[in-house]
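Visitor: Below is target_3.txt; it holds compact mmCIF, C-alpha atoms.
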```
# COMPACT_ATOMS: atom_id res chain seq x y z
CA MET A 123 0.00 0.00 0.00
CA GLU A 124 2.91 2.31 0.86
CA ASN A 125 4.49 1.45 -2.46
CA ARG A 126 1.31 2.25 -4.29
CA ALA A 127 1.05 5.61 -2.54
CA ALA A 128 4.67 6.37 -3.39
CA MET A 129 4.05 5.45 -7.02
CA GLU A 130 0.92 7.56 -7.21
CA GLN A 131 2.97 10.40 -5.80
CA SER A 132 5.74 9.92 -8.35
CA GLY A 133 3.12 9.78 -11.10
CA ASN A 134 1.70 13.06 -9.89
CA ALA A 135 5.21 14.46 -9.60
CA VAL A 136 5.70 14.14 -13.38
CA ASP A 137 4.88 17.60 -14.65
CA LEU A 138 3.28 16.93 -18.02
CA ASP A 139 3.81 20.48 -19.30
CA ASN A 140 7.47 20.27 -18.44
CA LEU A 141 7.80 16.78 -19.93
CA THR A 142 6.08 17.64 -23.23
CA GLY A 143 8.29 20.73 -23.47
CA LYS A 144 11.38 18.54 -23.06
CA LEU A 145 10.08 15.98 -25.55
CA GLN A 146 9.41 18.63 -28.15
CA LYS A 147 12.90 20.04 -27.59
CA GLU A 148 14.37 16.56 -27.98
CA ASP A 149 12.43 16.02 -31.22
CA SER A 150 13.65 19.28 -32.71
CA ARG A 151 17.21 18.63 -31.46
CA ASN A 152 17.21 15.24 -33.22
CA LEU A 153 15.87 16.81 -36.37
CA ARG A 154 18.50 19.57 -36.22
CA LEU A 155 21.26 17.02 -35.57
CA MET A 156 20.17 14.93 -38.55
CA ARG A 157 20.03 17.99 -40.80
CA SER A 158 23.44 19.18 -39.57
CA PHE A 159 25.08 15.81 -40.25
CA LYS A 160 23.47 15.61 -43.67
CA TRP A 161 24.67 19.11 -44.56
CA ILE A 162 28.17 18.50 -43.19
CA TYR A 163 28.56 15.42 -45.39
CA PHE A 164 27.11 17.14 -48.43
CA ALA A 165 29.26 20.25 -47.79
CA MET A 166 32.36 18.04 -47.56
CA ALA A 167 31.33 16.36 -50.79
CA ALA A 168 30.85 19.79 -52.44
CA ILE A 169 34.30 20.95 -51.26
CA TYR A 170 35.91 17.89 -52.80
CA VAL A 171 34.04 18.46 -56.05
CA VAL A 172 36.49 21.39 -56.46
CA MET A 173 39.29 18.80 -56.57
CA ILE A 174 37.55 17.11 -59.47
CA VAL A 175 36.69 20.12 -61.58
CA ASN A 176 39.88 22.15 -61.08
CA PRO A 177 41.90 21.57 -64.30
CA SER A 178 45.19 22.62 -62.66
CA TYR A 179 45.18 19.46 -60.52
CA SER A 180 46.74 16.21 -61.74
CA ILE A 181 44.59 13.30 -62.88
CA SER A 182 45.40 11.27 -59.77
CA TYR A 183 44.46 14.22 -57.55
CA ARG A 184 41.16 14.63 -59.41
CA LEU A 185 40.48 10.90 -59.12
CA ALA A 186 41.10 11.23 -55.38
CA GLY A 187 38.44 13.94 -55.37
CA VAL A 188 35.97 11.53 -57.01
CA CYS A 189 36.76 8.95 -54.30
CA TYR A 190 36.21 11.47 -51.49
CA VAL A 191 32.97 12.81 -52.96
CA LEU A 192 31.54 9.31 -53.41
CA ALA A 193 32.72 8.30 -49.92
CA PHE A 194 31.03 11.28 -48.25
CA ILE A 195 27.78 10.81 -50.17
CA LEU A 196 27.74 7.12 -49.22
CA PHE A 197 28.53 7.97 -45.58
CA ALA A 198 25.66 10.48 -45.56
CA LEU A 199 23.23 7.89 -46.93
CA VAL A 200 24.37 5.12 -44.58
CA PHE A 201 24.23 7.50 -41.60
CA LYS A 202 20.70 8.50 -42.57
CA LYS A 203 19.65 4.83 -42.81
CA PHE A 204 21.18 3.89 -39.42
CA HIS A 205 19.70 6.96 -37.74
CA ARG A 206 16.25 6.18 -39.10
CA GLU A 207 16.51 2.58 -37.86
CA TYR A 208 17.46 3.61 -34.34
CA SER A 209 15.14 6.57 -33.93
CA ASN A 210 12.07 4.80 -35.27
CA VAL A 211 11.74 2.14 -32.58
CA ASP A 212 8.01 1.55 -32.37
CA TYR A 213 6.95 0.66 -28.84
CA SER A 214 3.31 0.35 -29.85
CA LEU A 215 3.91 -2.91 -31.75
CA ALA A 216 2.76 -6.21 -30.31
CA LEU A 217 5.42 -7.52 -27.92
CA ILE A 218 6.45 -10.42 -30.18
CA ASP A 219 7.02 -8.06 -33.14
CA MET A 220 8.96 -5.61 -31.01
CA LEU A 221 11.18 -8.42 -29.71
CA ARG A 222 11.84 -9.69 -33.25
CA LYS A 223 12.88 -6.20 -34.31
CA ALA A 224 15.04 -5.78 -31.19
CA VAL A 225 16.84 -9.08 -31.90
CA GLU A 226 17.50 -7.88 -35.46
CA ARG A 227 18.55 -4.38 -34.41
CA TYR A 228 20.97 -5.41 -31.67
CA ARG A 229 22.59 -8.42 -33.32
CA LEU A 230 26.16 -8.18 -34.57
CA ASN A 231 25.39 -7.39 -38.18
CA LEU A 232 28.15 -7.89 -40.73
CA LYS A 233 25.90 -6.45 -43.45
CA ARG A 234 26.16 -3.07 -41.71
CA VAL A 235 29.94 -3.33 -41.76
CA LEU A 236 29.71 -4.09 -45.49
CA LEU A 237 27.58 -0.97 -45.99
CA VAL A 238 30.34 1.21 -44.53
CA LEU A 239 33.13 -0.67 -46.32
CA PRO A 240 32.79 1.04 -49.77
CA SER A 241 33.19 4.48 -48.11
CA VAL A 242 36.20 3.30 -46.13
CA LEU A 243 37.82 1.84 -49.26
CA LEU A 244 37.04 4.99 -51.26
CA ILE A 245 38.71 7.16 -48.60
CA ASP A 246 41.70 4.83 -48.65
CA GLY A 247 41.82 5.18 -52.45
CA GLY A 248 41.48 8.97 -52.12
CA ILE A 249 44.35 9.19 -49.63
CA VAL A 250 46.59 7.00 -51.77
CA LEU A 251 45.82 8.94 -54.95
CA SER A 252 46.18 12.39 -53.40
CA GLY A 253 48.87 11.82 -50.76
CA SER A 254 52.60 11.30 -50.91
CA TYR A 255 51.85 7.72 -51.85
CA GLY A 256 50.27 8.87 -55.10
CA VAL A 257 50.55 6.82 -58.26
CA ASP A 258 52.85 9.54 -59.63
CA SER A 259 55.28 8.76 -56.87
CA ASP A 260 57.73 5.89 -57.13
CA SER A 261 57.47 5.10 -53.44
CA TRP A 262 55.21 2.04 -53.69
CA GLY A 263 56.81 0.75 -50.50
CA ASP A 264 55.31 3.75 -48.69
CA VAL A 265 51.90 2.91 -50.17
CA LEU A 266 52.23 -0.59 -48.78
CA VAL A 267 53.25 0.70 -45.33
CA PHE A 268 50.30 3.10 -45.38
CA GLN A 269 47.92 0.31 -46.38
CA VAL A 270 49.12 -1.89 -43.53
CA ALA A 271 48.75 1.01 -41.05
CA TYR A 272 45.33 1.99 -42.43
CA PHE A 273 43.92 -1.52 -42.25
CA MET A 274 45.44 -2.11 -38.82
CA ALA A 275 43.70 1.06 -37.62
CA LEU A 276 40.46 -0.19 -39.19
CA THR A 277 40.83 -3.59 -37.54
CA LEU A 278 41.47 -1.90 -34.19
CA SER A 279 38.39 0.31 -34.67
CA GLY A 280 36.38 -2.79 -35.57
CA PHE A 281 37.59 -4.55 -32.42
CA VAL A 282 36.71 -1.53 -30.23
CA GLY A 283 33.29 -1.48 -31.94
CA TYR A 284 32.88 -5.18 -31.15
CA LEU A 285 33.76 -4.58 -27.47
CA ILE A 286 31.23 -1.74 -27.28
CA TRP A 287 28.59 -3.99 -28.90
CA ARG A 288 29.41 -6.79 -26.48
CA LYS A 289 29.05 -4.54 -23.46
CA ARG A 290 26.03 -2.46 -24.50
CA GLN A 291 24.00 -4.27 -27.12
CA LYS A 292 24.71 -7.97 -26.68
CA PRO A 293 22.88 -8.13 -23.31
CA LEU A 294 19.84 -6.47 -24.93
CA HIS A 295 20.07 -8.82 -27.91
CA ASP A 296 20.37 -11.88 -25.67
CA SER A 297 17.51 -10.93 -23.37
CA ALA A 298 15.23 -10.08 -26.32
CA LYS A 299 16.15 -13.42 -27.93
CA GLN A 300 15.47 -15.30 -24.70
CA MET A 301 12.08 -13.61 -24.28
CA LEU A 302 11.22 -14.37 -27.90
CA ALA A 303 12.16 -18.03 -27.41
CA ASP A 304 10.00 -18.16 -24.26
CA LEU A 305 7.09 -16.66 -26.19
CA GLU A 306 7.42 -18.95 -29.18
CA CYS A 307 7.89 -22.20 -27.28
CA MET B 270 -8.20 20.38 -34.41
CA ILE B 271 -6.34 19.11 -31.33
CA ASN B 272 -2.53 19.33 -31.46
CA LYS B 273 -0.07 16.60 -30.49
CA GLU B 274 0.75 18.15 -27.13
CA GLU B 275 -2.88 18.42 -26.04
CA TYR B 276 -3.70 14.94 -27.36
CA PHE B 277 -0.70 13.50 -25.49
CA LYS B 278 -1.78 15.10 -22.23
CA GLN B 279 -5.33 13.86 -22.73
CA VAL B 280 -4.19 10.28 -23.43
CA VAL B 281 -1.81 10.29 -20.45
CA GLU B 282 -4.41 11.71 -18.07
CA GLN B 283 -6.97 9.11 -19.17
CA ASN B 284 -4.54 6.19 -18.82
CA LYS B 285 -2.36 7.34 -15.96
CA GLY B 286 -3.73 4.71 -13.59
CA ARG B 287 -3.01 1.73 -15.81
CA ILE B 288 0.47 2.99 -16.74
CA LEU B 289 1.32 3.47 -13.08
CA ARG B 290 0.02 0.00 -12.24
CA ILE B 291 2.07 -1.67 -14.99
CA CYS B 292 5.22 0.20 -13.90
CA LYS B 293 4.63 -0.68 -10.29
CA THR B 294 4.06 -4.32 -11.20
CA TYR B 295 7.31 -4.73 -13.14
CA ALA B 296 9.78 -2.34 -11.52
CA PRO B 297 12.26 -3.71 -9.00
CA SER B 298 11.87 -0.62 -6.78
CA VAL B 299 9.69 2.48 -6.36
CA GLU B 300 12.50 4.63 -7.79
CA ASP B 301 12.76 2.36 -10.83
CA ALA B 302 8.98 2.49 -11.22
CA ALA B 303 9.11 6.27 -11.38
CA ASP B 304 11.87 6.11 -14.05
CA MET B 305 9.88 3.48 -15.92
CA TYR B 306 6.75 5.64 -15.80
CA GLN B 307 8.64 8.54 -17.33
CA GLU B 308 10.09 6.24 -20.01
CA VAL B 309 6.60 4.95 -20.87
CA LEU B 310 5.42 8.55 -21.31
CA VAL B 311 8.39 9.28 -23.59
CA ASN B 312 7.53 6.23 -25.70
CA VAL B 313 3.84 7.17 -25.80
CA TRP B 314 4.93 10.56 -27.15
CA LYS B 315 7.22 8.96 -29.75
CA SER B 316 4.55 6.51 -30.92
CA LEU B 317 1.57 8.86 -30.80
CA ASP B 318 1.84 9.79 -34.49
CA LYS B 319 1.64 6.09 -35.37
CA PHE B 320 -1.63 5.47 -33.51
CA LYS B 321 -4.20 4.88 -36.20
CA GLY B 322 -7.04 3.71 -33.99
CA ASP B 323 -6.79 0.06 -35.15
CA SER B 324 -6.99 -1.02 -31.53
CA GLU B 325 -8.47 0.48 -28.37
CA ILE B 326 -6.34 3.29 -26.97
CA GLY B 327 -6.21 1.34 -23.69
CA THR B 328 -4.75 -1.76 -25.39
CA TRP B 329 -2.32 0.45 -27.28
CA ILE B 330 -1.17 2.04 -24.02
CA TYR B 331 -0.74 -1.42 -22.46
CA ARG B 332 1.45 -2.43 -25.41
CA ILE B 333 3.71 0.56 -24.92
CA ALA B 334 3.81 0.08 -21.15
CA VAL B 335 4.61 -3.65 -21.41
CA ASN B 336 7.17 -3.16 -24.19
CA THR B 337 8.87 -0.36 -22.29
CA SER B 338 8.86 -2.33 -19.05
CA LEU B 339 10.43 -5.33 -20.76
CA THR B 340 13.01 -3.15 -22.47
CA PHE B 341 13.71 -1.70 -19.04
CA ALA B 342 14.01 -5.28 -17.79
CA GLY B 343 16.40 -5.94 -20.66
CA LYS B 344 18.72 -3.37 -19.14
CA GLN B 345 18.25 -4.76 -15.65
CA TYR B 346 17.20 -8.26 -16.62
CA LYS B 347 18.04 -10.04 -13.40
CA ARG B 348 16.47 -7.40 -11.19
CA MET B 349 13.05 -7.58 -12.80
CA LYS B 350 10.37 -8.40 -10.25
CA LEU B 351 6.67 -8.89 -10.45
CA ASN B 352 5.10 -7.08 -7.53
CA VAL B 353 1.76 -8.50 -6.58
CA ASP B 354 -0.03 -5.77 -4.75
CA VAL B 355 -3.23 -5.81 -6.67
CA ASP B 356 -6.91 -6.30 -6.15
CA THR B 357 -7.31 -9.69 -4.47
CA SER B 358 -10.07 -10.70 -6.89
CA THR B 359 -7.55 -10.76 -9.73
CA VAL B 360 -5.01 -12.61 -7.63
CA LYS B 361 -7.64 -15.31 -7.05
CA SER B 362 -7.90 -15.80 -10.79
CA LEU B 363 -4.38 -17.23 -10.77
CA LEU B 364 -5.43 -20.30 -8.86
CA ASP B 365 -9.02 -20.82 -9.76
CA ASP B 366 -9.91 -23.66 -7.43
CA GLU B 367 -11.88 -23.86 -4.22
CA SER B 368 -8.83 -23.29 -2.08
CA SER B 369 -8.29 -19.82 -3.59
CA GLU B 370 -9.95 -18.04 -0.68
CA ALA B 371 -7.13 -19.05 1.59
CA LEU B 372 -4.58 -17.45 -0.73
CA ILE B 373 -5.82 -14.00 0.12
CA MET B 374 -4.13 -14.25 3.46
CA GLU B 375 -1.01 -12.15 3.69
CA MET B 376 1.45 -15.04 4.10
CA GLN B 377 0.10 -16.84 1.09
CA LEU B 378 0.17 -13.70 -0.99
CA GLN B 379 3.83 -13.32 -0.17
CA GLU B 380 4.39 -16.97 -1.06
CA LEU B 381 2.59 -16.43 -4.36
CA GLN B 382 4.70 -13.36 -5.09
CA LEU B 383 7.83 -15.38 -4.38
CA HIS B 384 6.78 -18.06 -6.90
CA LEU B 385 5.67 -15.49 -9.47
CA ASN B 386 9.08 -13.91 -9.29
CA GLN B 387 10.71 -17.21 -10.13
CA LEU B 388 8.91 -17.28 -13.47
CA ALA B 389 10.59 -16.41 -16.76
CA VAL B 390 10.31 -12.72 -17.71
CA ILE B 391 7.73 -13.41 -20.41
CA ASP B 392 5.62 -15.48 -18.02
CA LYS B 393 5.81 -12.62 -15.54
CA ALA B 394 4.61 -10.26 -18.28
CA LEU B 395 1.69 -12.56 -19.05
CA MET B 396 0.75 -12.92 -15.41
CA GLY B 397 1.06 -9.16 -14.96
CA LEU B 398 -1.63 -8.73 -17.61
CA VAL B 399 -3.78 -11.46 -16.05
CA LEU B 400 -3.48 -9.66 -12.72
CA GLU B 401 -4.61 -6.48 -14.47
CA GLY B 402 -7.82 -8.34 -15.26
CA LEU B 403 -7.39 -8.20 -19.05
CA SER B 404 -9.26 -10.62 -21.31
CA THR B 405 -7.47 -13.29 -23.37
CA LYS B 406 -8.26 -11.27 -26.50
CA GLU B 407 -6.64 -8.13 -25.06
CA ILE B 408 -3.59 -10.09 -23.89
CA SER B 409 -3.33 -11.66 -27.34
CA ASP B 410 -3.39 -8.16 -28.93
CA ILE B 411 -0.71 -6.88 -26.60
CA ILE B 412 1.62 -9.87 -26.76
CA GLY B 413 1.04 -10.77 -30.41
CA ILE B 414 0.34 -14.47 -30.03
CA THR B 415 -2.95 -16.21 -30.76
CA GLU B 416 -5.71 -16.41 -28.16
CA PRO B 417 -5.49 -20.23 -27.84
CA ASN B 418 -1.75 -19.85 -27.35
CA VAL B 419 -2.33 -17.26 -24.61
CA ARG B 420 -4.78 -19.63 -22.90
CA VAL B 421 -2.33 -22.55 -23.11
CA LYS B 422 0.52 -20.47 -21.70
CA ILE B 423 -1.55 -19.08 -18.84
CA HIS B 424 -2.88 -22.55 -18.04
CA ARG B 425 0.66 -23.92 -18.00
CA ILE B 426 1.91 -21.12 -15.74
CA LYS B 427 -1.04 -21.59 -13.37
CA ASP B 428 -0.31 -25.31 -13.22
CA ASP B 429 3.32 -24.65 -12.41
CA LEU B 430 2.32 -22.14 -9.74
CA ARG B 431 -0.18 -24.55 -8.27
CA ILE B 432 2.44 -27.30 -8.10
CA SER B 433 5.03 -25.07 -6.49
CA MET B 434 2.44 -23.67 -4.05
CA LYS B 435 1.45 -27.22 -3.09
CA GLY B 436 5.12 -27.88 -2.41
CA GLY B 437 4.97 -25.01 0.06
CA GLY B 438 1.98 -26.53 1.80
CA TYR B 439 -0.64 -24.21 0.29
CA GLU B 440 -2.82 -26.72 -1.42
```
So, in terms of C-alpha cells, how does the structure I just supplied come out?
Guide:
Amino acid sequence: MENRAAMEQSGNAVDLDNLTGKLQKEDSRNLRLMRSFKWIYFAMAAIYVVMIVNPSYSISYRLAGVCYVLAFILFALVFKKFHREYSNVDYSLALIDMLRKAVERYRLNLKRVLLVLPSVLLIDGGIVLSGSYGVDSDSWGDVLVFQVAYFMALTLSGFVGYLIWRKRQKPLHDSAKQMLADLEC
Amino acid sequence: MINKEEYFKQVVEQNKGRILRICKTYAPSVEDAADMYQEVLVNVWKSLDKFKGDSEIGTWIYRIAVNTSLTFAGKQYKRMKLNVDVDTSTVKSLLDDESSEALIMEMQLQELQLHLNQLAVIDKALMGLVLEGLSTKEISDIIGITEPNVRVKIHRIKDDLRISMKGGGYE
C-alpha cells in the first residue's frame, strides 16, 4: 500500500507540461542534428568536387576527389539509414514483433559493416591517390606501409566497436532473444 | 483540431492509472517504477503519431507500457520483479480452485509473489496482464500471439504455480 502511494505520488510528480516541453525540444534537437550531419557530409562532398573540376590538378588528384565525394555521399546515406533505424523504434507494436525487431537491431550485423566498407575503401583510395603515396610517386613501399597502417587502424576500430557492442548491445540482444524463445515455445 | 501536445496530455491523463500499475508491477523498486513511468510517457509521445485507432487506446497504451517495461528489464534483466499488490479478486484468478480463498491471506500472498518472481520474464509479463484483469483477447493483442496460445501459456503457468504452491503446503 505504501508502495502504491509512493508510485501515485511519483506519477503526480511528473509535470506533463514540463515533460512535453522537453520531448518537443528533444524532437527538434534530433531533427537539427540529422540535418546538420546531412549538410556537413554534403558540404564536404561539395568541397571535394572542387578537386575534381579544377583543371590545374593532376589526374590522380582529381580521381582522389571523385573517391572522397563518393565516400562522403555514401557515408551520408548510410548514416541516414542507421539513424532512421534507431530513432524509429516503435513501442506500440505487439510484444512479439517488437522483440523480433530488437533481436535484429541489436545483433552483430556484418551487413552493416559491409555498408560502410565502400566508403572506407574509397577514402583509402582517395588518400593514396592524393597523398605522398600517389601513383605519380615511385614510393610504392610507402603505399604498402600506409595500407598496412590503415587496415590495422580499421581492424582496431572494428575490435573496439565489437567490445562496445558486447558490453552495451549484446545483453539487450540476448535478453530479447530469450524472451522471444520463451514466447514462441 | 487538437494538437499533439494536447492529445498526449489527454491520453496520459486518461490512462495514468493503468500505466502506473504496470510500472509498479514490473519495476524492481519504487525509484525504478518512477523512471519506468517517465520512459513509458516518452515512448507514448514517440509513438503517438503512429496510432491509427486500429486497436483500443487502452490496449495500445498497455502495449507501450509492457514493451517499455520489458526493455527496461532488458537493461536490468536479473532485477526484474513482479510485484503482486493488486486487487485480491484478480489474484484469485491465478489459482481458480476452491482453495483460492485461503490465498488471500497475507502469508500466502507473499508466497505467491515469491513463486511469481521465479517465473521467466515473459511469463511474468503474461501474469502481470492477467493480474490487471485483461481478457485473453486483449492479452493476445498486446503480446502478439494467438488467443489459444495465450490460454495454453496461462494454463501452463497456473499449473506450475499450483504445483510449487502445493510444495509449500498451500494446497
Visitor: Per residue of chain B within 7 Å of chain A, which atom pair is closest and at what distance in Å (one decimal), using all atoms listed in the file, listed by chain and increasing number, as JSON lines?
Guide:
```
{"residue": "B:Glu274", "atom": "CA", "partner": "A:Thr142", "partner_atom": "CA", "distance": 6.6}
{"residue": "B:Lys278", "atom": "CA", "partner": "A:Leu138", "partner_atom": "CA", "distance": 6.8}
{"residue": "B:Leu289", "atom": "CA", "partner": "A:Gly133", "partner_atom": "CA", "distance": 6.9}
{"residue": "B:Lys293", "atom": "CA", "partner": "A:Met129", "partner_atom": "CA", "distance": 7.0}
{"residue": "B:Val299", "atom": "CA", "partner": "A:Met129", "partner_atom": "CA", "distance": 6.4}
{"residue": "B:Ala303", "atom": "CA", "partner": "A:Ser132", "partner_atom": "CA", "distance": 5.8}
{"residue": "B:Asn312", "atom": "CA", "partner": "A:Tyr213", "partner_atom": "CA", "distance": 6.4}
{"residue": "B:Ser316", "atom": "CA", "partner": "A:Asp212", "partner_atom": "CA", "distance": 6.2}
{"residue": "B:Trp329", "atom": "CA", "partner": "A:Ser214", "partner_atom": "CA", "distance": 6.2}
{"residue": "B:Arg332", "atom": "CA", "partner": "A:Ser214", "partner_atom": "CA", "distance": 5.6}
{"residue": "B:Ile333", "atom": "CA", "partner": "A:Ser214", "partner_atom": "CA", "distance": 5.0}
{"residue": "B:Asn336", "atom": "CA", "partner": "A:Leu217", "partner_atom": "CA", "distance": 6.0}
{"residue": "B:Thr337", "atom": "CA", "partner": "A:Tyr213", "partner_atom": "CA", "distance": 6.9}
{"residue": "B:Gly343", "atom": "CA", "partner": "A:Leu294", "partner_atom": "CA", "distance": 5.5}
{"residue": "B:Lys344", "atom": "CA", "partner": "A:Leu294", "partner_atom": "CA", "distance": 6.7}
{"residue": "B:Val390", "atom": "CA", "partner": "A:Met301", "partner_atom": "CA", "distance": 6.9}
{"residue": "B:Ile391", "atom": "CA", "partner": "A:Met301", "partner_atom": "CA", "distance": 5.8}
{"residue": "B:Asp410", "atom": "CA", "partner": "A:Ala216", "partner_atom": "CA", "distance": 6.6}
{"residue": "B:Ile411", "atom": "CA", "partner": "A:Ala216", "partner_atom": "CA", "distance": 5.1}
{"residue": "B:Ile412", "atom": "CA", "partner": "A:Leu217", "partner_atom": "CA", "distance": 4.6}
{"residue": "B:Gly413", "atom": "CA", "partner": "A:Ala216", "partner_atom": "CA", "distance": 4.9}
```
Visitor: Go ahead and write the residues just picked, C-alpha atoms, as a PDB file, in the coordinates of the input.
Guide:
```pdb
ATOM      1  CA  GLU B 274       0.750  18.150 -27.130  1.00  0.00           C
ATOM      2  CA  LYS B 278      -1.780  15.100 -22.230  1.00  0.00           C
ATOM      3  CA  LEU B 289       1.320   3.470 -13.080  1.00  0.00           C
ATOM      4  CA  LYS B 293       4.630  -0.680 -10.290  1.00  0.00           C
ATOM      5  CA  VAL B 299       9.690   2.480  -6.360  1.00  0.00           C
ATOM      6  CA  ALA B 303       9.110   6.270 -11.380  1.00  0.00           C
ATOM      7  CA  ASN B 312       7.530   6.230 -25.700  1.00  0.00           C
ATOM      8  CA  SER B 316       4.550   6.510 -30.920  1.00  0.00           C
ATOM      9  CA  TRP B 329      -2.320   0.450 -27.280  1.00  0.00           C
ATOM     10  CA  ARG B 332       1.450  -2.430 -25.410  1.00  0.00           C
ATOM     11  CA  ILE B 333       3.710   0.560 -24.920  1.00  0.00           C
ATOM     12  CA  ASN B 336       7.170  -3.160 -24.190  1.00  0.00           C
ATOM     13  CA  THR B 337       8.870  -0.360 -22.290  1.00  0.00           C
ATOM     14  CA  GLY B 343      16.400  -5.940 -20.660  1.00  0.00           C
ATOM     15  CA  LYS B 344      18.720  -3.370 -19.140  1.00  0.00           C
ATOM     16  CA  VAL B 390      10.310 -12.720 -17.710  1.00  0.00           C
ATOM     17  CA  ILE B 391       7.730 -13.410 -20.410  1.00  0.00           C
ATOM     18  CA  ASP B 410      -3.390  -8.160 -28.930  1.00  0.00           C
ATOM     19  CA  ILE B 411      -0.710  -6.880 -26.600  1.00  0.00           C
ATOM     20  CA  ILE B 412       1.620  -9.870 -26.760  1.00  0.00           C
ATOM     21  CA  GLY B 413       1.040 -10.770 -30.410  1.00  0.00           C
TER      22      GLY B 413
END
```
Visitor: Hey, can you check how far CA of Gly187 in chain A sits from CA of Arg157 in chain A?
Guide: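 Those two atoms sit 23.8 Å apart.
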Visitor: Give the answer as one residue: which of A:Ser180, A:Val191, A:Lys292, A:Tyr170 has the shortest atom-to-atom distance to Val225 in chain A, using all atoms listed in the file?
Guide: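 Once distances to Val225 in chain A are computed over all atoms listed in the file, the minimum belongs to A:Lys292.
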Visitor: Write out as a ChimeraX atom specification the residues lying within 10 Å of Leu398 in chain B, counting only C-alpha atoms and excluding same-chain residues fewer than 5 positions away.
Guide: /B:291,294,331,335,392-393,403-405,407-408,411-412
Visitor: Just want the 12 Å neighbourhood of Phe204 in chain A, counted on only C-alpha atoms, with same-chain residues fewer than 3 positions away dropped. Output as a PyMOL selection string.
Guide: chain A and resi 156+197-201+207-211+227+234-235+237-238
Visitor: Report the distance between CA of Leu310 in chain B and CA of Tyr295 in chain B in Å, rounded to one decimal place.
Guide: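 For CA of Leu310 in chain B relative to CA of Tyr295 in chain B, the distance reads 15.7 Å.
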Visitor: Quick one: pull the distance between CA of Ser150 in chain A and CA of Leu196 in chain A, Å, one decimal.
Guide: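 So the two atoms, CA of Ser150 in chain A and CA of Leu196 in chain A, lie 24.9 Å apart.
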Visitor: Would you mind listing what lies within 9 Å of range 248-254 of chain A as a PyMOL selection string, with all atoms listed in the file counted and same-chain residues fewer than 5 positions away left out?
Guide: chain A and resi 182-190+243+259+261+264-265+268-269
Visitor: Using only C-alpha atoms, find the one residue out of A:Gly283, A:Asn231, A:Ile245, A:Arg151 that sits nearest to Ala167 in chain A.
Guide: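 Of the candidates, the smallest distance to Ala167 in chain A is held by A:Ile245.
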Visitor: I'd like to know which of B:Ile432, B:Cys292, B:Val421, B:Leu339 is closest to Ala394 in chain B, using all atoms listed in the file.
Guide: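 Closest residue, counting all atoms listed in the file: B:Leu339.
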